[in-house]
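See below for my_file_17.pdb, which holds PDB, C-alpha atoms and all ligand atoms.
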```
ATOM      1  CA  MET A   1       0.000   0.000   0.000  1.00  0.00           C
ATOM      2  CA  SER A   2       2.895   2.380   0.559  1.00  0.00           C
ATOM      3  CA  ASP A   3       6.592   2.691  -0.074  1.00  0.00           C
ATOM      4  CA  ILE A   4       9.241   2.067   2.543  1.00  0.00           C
ATOM      5  CA  PRO A   5      10.286   4.999   4.740  1.00  0.00           C
ATOM      6  CA  SER A   6      13.515   6.895   4.136  1.00  0.00           C
ATOM      7  CA  GLU A   7      16.700   5.555   5.715  1.00  0.00           C
ATOM      8  CA  ARG A   8      16.534   8.303   8.350  1.00  0.00           C
ATOM      9  CA  LYS A   9      12.944   7.486   9.265  1.00  0.00           C
ATOM     10  CA  GLN A  10      13.803   3.771   9.431  1.00  0.00           C
ATOM     11  CA  GLN A  11      16.580   4.504  11.933  1.00  0.00           C
ATOM     12  CA  LYS A  12      14.217   6.597  14.034  1.00  0.00           C
ATOM     13  CA  LEU A  13      11.563   3.878  14.038  1.00  0.00           C
ATOM     14  CA  LEU A  14      14.123   1.236  14.976  1.00  0.00           C
ATOM     15  CA  SER A  15      15.520   3.267  17.857  1.00  0.00           C
ATOM     16  CA  ASN A  16      11.979   3.936  19.130  1.00  0.00           C
ATOM     17  CA  SER A  17      11.313   0.216  18.942  1.00  0.00           C
ATOM     18  CA  LYS A  18      14.104  -0.437  21.471  1.00  0.00           C
ATOM     19  CA  ILE A  19      12.133   1.543  24.038  1.00  0.00           C
ATOM     20  CA  LYS A  20       8.960  -0.368  23.185  1.00  0.00           C
ATOM     21  CA  VAL A  21      10.705  -3.733  23.407  1.00  0.00           C
ATOM     22  CA  GLU A  22      12.073  -2.781  26.827  1.00  0.00           C
ATOM     23  CA  GLU A  23       8.535  -1.897  27.973  1.00  0.00           C
ATOM     24  CA  ILE A  24       7.264  -5.262  26.741  1.00  0.00           C
ATOM     25  CA  ILE A  25      10.070  -7.073  28.574  1.00  0.00           C
ATOM     26  CA  GLN A  26       9.141  -5.310  31.816  1.00  0.00           C
ATOM     27  CA  HIS A  27       5.452  -6.266  31.381  1.00  0.00           C
ATOM     28  CA  LEU A  28       6.461  -9.866  30.827  1.00  0.00           C
ATOM     29  CA  LYS A  29       8.773  -9.925  33.849  1.00  0.00           C
ATOM     30  CA  ARG A  30       5.987  -8.599  36.069  1.00  0.00           C
ATOM     31  CA  ALA A  31       3.503 -10.997  34.413  1.00  0.00           C
ATOM     32  CA  ASP A  32       1.199  -8.020  33.840  1.00  0.00           C
ATOM     33  CA  ARG A  33      -2.238  -8.778  32.509  1.00  0.00           C
ATOM     34  CA  GLY A  34      -4.151  -6.533  30.090  1.00  0.00           C
ATOM     35  CA  ASN A  35      -3.632  -4.727  26.818  1.00  0.00           C
ATOM     36  CA  TYR A  36      -0.606  -2.429  26.937  1.00  0.00           C
ATOM     37  CA  SER A  37       0.080  -2.138  23.228  1.00  0.00           C
ATOM     38  CA  THR A  38      -2.962  -0.277  21.906  1.00  0.00           C
ATOM     39  CA  ASN A  39      -2.485   3.441  21.349  1.00  0.00           C
ATOM     40  CA  LYS A  40      -4.797   5.508  23.482  1.00  0.00           C
ATOM     41  CA  GLY A  41      -6.965   8.320  22.197  1.00  0.00           C
ATOM     42  CA  PHE A  42     -10.009   8.996  20.077  1.00  0.00           C
ATOM     43  CA  LEU A  43      -8.576   8.122  16.642  1.00  0.00           C
ATOM     44  CA  PRO A  44      -7.007   4.782  17.641  1.00  0.00           C
ATOM     45  CA  SER A  45     -10.177   3.831  19.514  1.00  0.00           C
ATOM     46  CA  ILE A  46     -12.116   4.207  16.267  1.00  0.00           C
ATOM     47  CA  MET A  47      -9.489   2.987  13.817  1.00  0.00           C
ATOM     48  CA  THR A  48      -8.427  -0.199  15.621  1.00  0.00           C
ATOM     49  CA  PRO A  49     -11.859  -1.892  15.562  1.00  0.00           C
ATOM     50  CA  LEU A  50     -12.278  -0.895  11.901  1.00  0.00           C
ATOM     51  CA  VAL A  51      -8.838  -1.619  10.507  1.00  0.00           C
ATOM     52  CA  TYR A  52      -7.935  -4.811  12.364  1.00  0.00           C
ATOM     53  CA  PRO A  53     -10.807  -6.919  10.948  1.00  0.00           C
ATOM     54  CA  MET A  54      -9.968  -5.576   7.467  1.00  0.00           C
ATOM     55  CA  TYR A  55      -6.330  -6.520   7.994  1.00  0.00           C
ATOM     56  CA  LYS A  56      -7.309 -10.036   9.085  1.00  0.00           C
ATOM     57  CA  LEU A  57      -9.493 -10.431   6.012  1.00  0.00           C
ATOM     58  CA  SER A  58      -6.852  -9.089   3.637  1.00  0.00           C
ATOM     59  CA  CYS A  59      -4.014 -11.449   4.647  1.00  0.00           C
ATOM     60  CA  LYS A  60      -4.560 -13.620   1.611  1.00  0.00           C
ATOM     61  CA  THR A  61      -1.854 -15.210  -0.485  1.00  0.00           C
ATOM     62  CA  LYS A  62      -3.797 -15.195  -3.760  1.00  0.00           C
ATOM     63  CA  LYS A  63      -2.079 -12.087  -5.119  1.00  0.00           C
ATOM     64  CA  PHE A  64       1.491 -13.260  -4.497  1.00  0.00           C
ATOM     65  CA  TYR A  65       3.292 -14.373  -7.627  1.00  0.00           C
ATOM     66  CA  VAL A  66       6.805 -14.923  -8.827  1.00  0.00           C
ATOM     67  CA  THR A  67       8.344 -13.423 -11.950  1.00  0.00           C
ATOM     68  CA  ASP A  68      10.912 -14.818 -14.385  1.00  0.00           C
ATOM     69  CA  LYS A  69      13.641 -13.199 -12.291  1.00  0.00           C
ATOM     70  CA  CYS A  70      13.361 -16.069  -9.759  1.00  0.00           C
ATOM     71  CA  ILE A  71      16.633 -18.002  -9.467  1.00  0.00           C
ATOM     72  CA  GLY A  72      15.102 -20.886  -7.498  1.00  0.00           C
ATOM     73  CA  CYS A  73      17.195 -20.337  -4.362  1.00  0.00           C
ATOM     74  CA  SER A  74      14.253 -21.337  -2.065  1.00  0.00           C
ATOM     75  CA  LEU A  75      15.034 -18.592   0.468  1.00  0.00           C
ATOM     76  CA  CYS A  76      11.384 -17.504   0.501  1.00  0.00           C
ATOM     77  CA  GLU A  77      10.281 -21.037   1.380  1.00  0.00           C
ATOM     78  CA  ARG A  78      12.846 -21.363   4.167  1.00  0.00           C
ATOM     79  CA  ILE A  79      12.134 -18.029   5.867  1.00  0.00           C
ATOM     80  CA  CYS A  80       8.332 -17.937   5.578  1.00  0.00           C
ATOM     81  CA  PRO A  81       7.124 -17.972   9.218  1.00  0.00           C
ATOM     82  CA  SER A  82       3.634 -19.088   8.150  1.00  0.00           C
ATOM     83  CA  LYS A  83       5.113 -22.022   6.190  1.00  0.00           C
ATOM     84  CA  VAL A  84       2.823 -21.368   3.237  1.00  0.00           C
ATOM     85  CA  ILE A  85       5.504 -21.362   0.517  1.00  0.00           C
ATOM     86  CA  GLU A  86       6.703 -24.577  -1.087  1.00  0.00           C
ATOM     87  CA  MET A  87       9.094 -24.927  -3.977  1.00  0.00           C
ATOM     88  CA  ASN A  88       7.579 -26.527  -7.036  1.00  0.00           C
ATOM     89  CA  ASP A  89       9.756 -26.986 -10.131  1.00  0.00           C
ATOM     90  CA  GLU A  90      12.268 -24.596  -8.534  1.00  0.00           C
ATOM     91  CA  LYS A  91       9.658 -21.860  -8.186  1.00  0.00           C
ATOM     92  CA  PRO A  92       7.767 -20.860  -5.037  1.00  0.00           C
ATOM     93  CA  LYS A  93       4.148 -21.758  -4.744  1.00  0.00           C
ATOM     94  CA  TRP A  94       1.787 -20.396  -2.077  1.00  0.00           C
ATOM     95  CA  THR A  95       0.009 -23.409  -0.656  1.00  0.00           C
ATOM     96  CA  GLN A  96      -2.499 -21.871   1.740  1.00  0.00           C
ATOM     97  CA  GLU A  97      -5.152 -19.218   1.363  1.00  0.00           C
ATOM     98  CA  LYS A  98      -3.839 -16.954   4.118  1.00  0.00           C
ATOM     99  CA  CYS A  99      -0.554 -16.043   5.756  1.00  0.00           C
ATOM    100  CA  ALA A 100       0.743 -13.473   8.246  1.00  0.00           C
ATOM    101  CA  HIS A 101       1.576 -10.973   5.474  1.00  0.00           C
ATOM    102  CA  CYS A 102       4.903 -10.317   7.144  1.00  0.00           C
ATOM    103  CA  LEU A 103       6.404  -9.769   3.668  1.00  0.00           C
ATOM    104  CA  ALA A 104       9.664 -11.521   4.599  1.00  0.00           C
ATOM    105  CA  GLY A 105       9.788 -13.380   1.285  1.00  0.00           C
ATOM    106  CA  ILE A 106       8.957 -10.415  -0.889  1.00  0.00           C
ATOM    107  CA  SER A 107      11.427  -8.200   0.945  1.00  0.00           C
ATOM    108  CA  ARG A 108      14.332 -10.628   1.154  1.00  0.00           C
ATOM    109  CA  CYS A 109      14.145 -12.316  -2.233  1.00  0.00           C
ATOM    110  CA  PRO A 110      17.647 -11.751  -3.653  1.00  0.00           C
ATOM    111  CA  ALA A 111      16.248 -11.463  -7.196  1.00  0.00           C
ATOM    112  CA  LYS A 112      13.303  -9.205  -6.295  1.00  0.00           C
ATOM    113  CA  ALA A 113      11.186 -11.819  -8.029  1.00  0.00           C
ATOM    114  CA  ILE A 114       8.117 -11.802  -5.769  1.00  0.00           C
ATOM    115  CA  GLU A 115       5.290  -9.361  -6.333  1.00  0.00           C
ATOM    116  CA  TYR A 116       1.889  -8.843  -4.766  1.00  0.00           C
ATOM    117  CA  GLY A 117      -0.668  -7.937  -7.417  1.00  0.00           C
ATOM    118  CA  LYS A 118       0.143  -4.521  -8.856  1.00  0.00           C
ATOM    119  CA  SER A 119       0.882  -3.035  -5.439  1.00  0.00           C
ATOM    120  CA  THR A 120       4.586  -3.863  -5.218  1.00  0.00           C
ATOM    121  CA  LYS A 121       5.896  -3.380  -8.744  1.00  0.00           C
ATOM    122  CA  ARG A 122       7.467   0.010  -8.160  1.00  0.00           C
ATOM    123  CA  ARG A 123       7.871  -0.270  -4.402  1.00  0.00           C
ATOM    124  CA  GLY A 124      11.105  -0.619  -2.480  1.00  0.00           C
ATOM    125  CA  ARG A 125      11.905  -3.630  -0.343  1.00  0.00           C
ATOM    126  CA  TYR A 126      12.772  -3.289   3.334  1.00  0.00           C
ATOM    127  CA  ILE A 127      15.165  -5.536   5.202  1.00  0.00           C
ATOM    128  CA  ASN A 128      15.667  -5.153   8.923  1.00  0.00           C
ATOM    129  CA  THR A 129      19.337  -6.115   9.212  1.00  0.00           C
ATOM    130  CA  LYS A 130      18.872  -6.863  12.919  1.00  0.00           C
ATOM    131  CA  VAL A 131      16.565  -9.766  12.093  1.00  0.00           C
ATOM    132  CA  ASN A 132      18.331 -13.048  11.467  1.00  0.00           C
ATOM    133  CA  PHE A 133      16.498 -16.090  10.252  1.00  0.00           C
ATOM    134  CA  MET A 134      17.577 -19.452  11.654  1.00  0.00           C
ATOM    135  CA  ILE A 135      17.762 -21.299   8.351  1.00  0.00           C
TER     136      ILE A 135
HETATM  137  S1  LIG B   1      13.608 -16.103  -2.734  1.00  0.00           S
HETATM  138 FE1  LIG B   1      13.169 -15.186  -4.734  1.00  0.00          FE
HETATM  139  S2  LIG B   1      14.685 -16.095  -6.107  1.00  0.00           S
HETATM  140 FE2  LIG B   1      14.631 -17.366  -4.264  1.00  0.00          FE
HETATM  141  S3  LIG B   1      13.104 -18.976  -4.775  1.00  0.00           S
HETATM  142 FE3  LIG B   1      11.995 -17.345  -3.707  1.00  0.00          FE
HETATM  143  S4  LIG B   1      11.209 -16.063  -5.373  1.00  0.00           S
HETATM  144 FE4  LIG B   1      12.808 -17.323  -6.280  1.00  0.00          FE
END
```

What is this file in structure tokens?
Amino acid sequence: MSDIPSERKQQKLLSNSKIKVEEIIQHLKRADRGNYSTNKGFLPSIMTPLVYPMYKLSCKTKKFYVTDKCIGCSLCERICPSKVIEMNDEKPKWTQEKCAHCLAGISRCPAKAIEYGKSTKRRGRYINTKVNFMI
């Protein structure tokens, strides 16, 4: 739906995330109960109930496809946390109707061979270098 943020914005988001992760760790250590991750305020209180169900409905795999640029490395299959990608004739195939839409495969494909409908054709790909996949 949108392009990736600038390098500067990415750095800002990542440094803010350290604070958030620390907060989450503290909640876990205290075994806190409740919802501590929802933004407070009028707009989030309206948007969350509207957007979340739409997000859940939209996490479909139907629009993922692979182009001729695919080199058959199988990285997308190995890193997919939803395990919905299987190699078939050295090309990825999405085997289930829905996935987490984490975009790991589309973002990390070394050949930039995965697209999602028309949405991703001219979009950048984001890789969080702090995330390592155990593959
Ligand atoms: S990661 Fe990219 S190049 Fe490798 S198999 Fe998947 S689509 Fe093809």

Using the chain letters and numbers from the file, give me the residues hit by the PyMOL selection byres (((chain A and resi 63-78) around 7) and not hetatm), as a ChimeraX atom specification. /A:61-62,79-80,85-87,90-92,105,109,111,113-117,135

Just need the box for segment 81-100 of chain A, edges along x, y and z, holding every atom the file lists for it with 8 Å tacked onto each side, so centre and edge lengths in Å to one decimal, as AutoDock Vina command-line options.
```
--center_x 3.6 --center_y -20.2 --center_z -0.5 --size_x 33.4 --size_y 29.5 --size_z 35.3
```

Residue with smallest distance to ligand LIG 1 (chain B) - pool A:Gly34, A:Pro110, A:Pro49, A:Gly41, counting all atoms listed in the file: A:Pro110

Please report the interatomic distance between atom CA of Pro81 of chain A and atom CA of Cys99 of chain A in Å with one decimal.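 The value is 8.6 Å.
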
Proximity to Gln10 of chain A - best of A:Ser119, A:Tyr126, A:Ser82, A:Lys98, all atoms listed in the file: A:Tyr126

For atom FE1 of ligand LIG 1 (chain B) and atom CA of Arg123 of chain A, the interatomic separation in Å (one decimal): 15.8 Å

Suppose you want the space between atom S4 of ligand LIG 1 (chain B) and atom CA of Leu14 of chain A; what is it in Å? 26.9 Å

Within 12 Å of Val131 of chain A, counting only C-alpha atoms, which residues qualify if same-chain residues fewer than 2 places away don't, as a PyMOL selection string? chain A and resi 14+79+104+108+126-129+133-134

Find the residue from A:Asn132, A:Trp94, A:Ser2, A:Lys118 that sits nearest to ligand LIG 1 (chain B); use all atoms listed in the file when measuring.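 The answer is A:Trp94, which sits nearest to ligand LIG 1 (chain B).
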
Tell me, as a list in words, which residues lie within 9 Å of Asp3 of chain A, counting all atoms listed in the file; anything in the same chain fewer than 6 positions away does not count.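 After dropping sequence-adjacent residues, the list is Thr120, Arg122, Arg123, Gly124 and Arg125 of chain A.
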
Some atoms are missing, so please complete segment 50-70 of chain A with N, CA, C and O atoms and return it as a CSV table (one decimal), in the coordinates of the input.
```
chain,number,residue,atom,x,y,z
A,50,LEU,N,-12.0,-0.9,13.3
A,50,LEU,CA,-12.3,-0.9,11.9
A,50,LEU,C,-11.2,-1.6,11.1
A,50,LEU,O,-11.5,-2.4,10.2
A,51,VAL,N,-9.9,-1.2,11.4
A,51,VAL,CA,-8.8,-1.6,10.5
A,51,VAL,C,-8.4,-3.1,10.8
A,51,VAL,O,-8.1,-3.8,9.8
A,52,TYR,N,-8.4,-3.5,12.1
A,52,TYR,CA,-7.9,-4.8,12.4
A,52,TYR,C,-8.7,-5.9,11.7
A,52,TYR,O,-8.1,-6.8,11.0
A,53,PRO,N,-10.1,-5.9,11.7
A,53,PRO,CA,-10.8,-6.9,10.9
A,53,PRO,C,-10.5,-6.9,9.4
A,53,PRO,O,-10.4,-7.9,8.8
A,54,MET,N,-10.3,-5.7,8.9
A,54,MET,CA,-10.0,-5.6,7.5
A,54,MET,C,-8.6,-6.2,7.2
A,54,MET,O,-8.4,-6.9,6.2
A,55,TYR,N,-7.7,-5.9,8.1
A,55,TYR,CA,-6.3,-6.5,8.0
A,55,TYR,C,-6.4,-8.0,8.0
A,55,TYR,O,-5.8,-8.7,7.2
A,56,LYS,N,-7.2,-8.6,9.0
A,56,LYS,CA,-7.3,-10.0,9.1
A,56,LYS,C,-7.9,-10.6,7.8
A,56,LYS,O,-7.5,-11.7,7.4
A,57,LEU,N,-8.9,-9.9,7.2
A,57,LEU,CA,-9.5,-10.4,6.0
A,57,LEU,C,-8.6,-10.3,4.8
A,57,LEU,O,-8.6,-11.1,3.9
A,58,SER,N,-7.7,-9.3,4.8
A,58,SER,CA,-6.9,-9.1,3.6
A,58,SER,C,-5.6,-9.9,3.6
A,58,SER,O,-4.8,-9.9,2.6
A,59,CYS,N,-5.3,-10.7,4.6
A,59,CYS,CA,-4.0,-11.4,4.6
A,59,CYS,C,-4.1,-12.7,3.8
A,59,CYS,O,-3.8,-13.8,4.2
A,60,LYS,N,-4.4,-12.5,2.5
A,60,LYS,CA,-4.6,-13.6,1.6
A,60,LYS,C,-3.3,-13.8,0.8
A,60,LYS,O,-2.6,-12.8,0.5
A,61,THR,N,-3.1,-15.0,0.3
A,61,THR,CA,-1.9,-15.2,-0.5
A,61,THR,C,-2.1,-15.2,-2.0
A,61,THR,O,-1.2,-15.2,-2.8
A,62,LYS,N,-3.4,-15.1,-2.3
A,62,LYS,CA,-3.8,-15.2,-3.8
A,62,LYS,C,-3.0,-14.3,-4.7
A,62,LYS,O,-2.7,-14.6,-5.8
A,63,LYS,N,-2.7,-13.1,-4.2
A,63,LYS,CA,-2.1,-12.1,-5.1
A,63,LYS,C,-0.6,-12.2,-5.2
A,63,LYS,O,0.1,-11.5,-6.0
A,64,PHE,N,0.0,-13.1,-4.4
A,64,PHE,CA,1.5,-13.3,-4.5
A,64,PHE,C,1.8,-14.0,-5.8
A,64,PHE,O,1.1,-15.0,-6.1
A,65,TYR,N,2.8,-13.6,-6.5
A,65,TYR,CA,3.3,-14.4,-7.6
A,65,TYR,C,4.8,-14.1,-7.8
A,65,TYR,O,5.4,-13.2,-7.2
A,66,VAL,N,5.4,-15.0,-8.6
A,66,VAL,CA,6.8,-14.9,-8.8
A,66,VAL,C,7.1,-14.6,-10.3
A,66,VAL,O,6.4,-15.1,-11.2
A,67,THR,N,8.0,-13.8,-10.6
A,67,THR,CA,8.3,-13.4,-12.0
A,67,THR,C,9.5,-14.3,-12.5
A,67,THR,O,10.1,-15.1,-11.8
A,68,ASP,N,9.8,-14.1,-13.7
A,68,ASP,CA,10.9,-14.8,-14.4
A,68,ASP,C,12.3,-14.5,-13.8
A,68,ASP,O,13.2,-15.2,-14.1
A,69,LYS,N,12.4,-13.5,-12.9
A,69,LYS,CA,13.6,-13.2,-12.3
A,69,LYS,C,14.0,-14.2,-11.2
A,69,LYS,O,15.2,-14.2,-10.8
A,70,CYS,N,13.1,-15.1,-10.8
A,70,CYS,CA,13.4,-16.1,-9.8
A,70,CYS,C,14.5,-17.0,-10.2
A,70,CYS,O,14.6,-17.5,-11.3
```
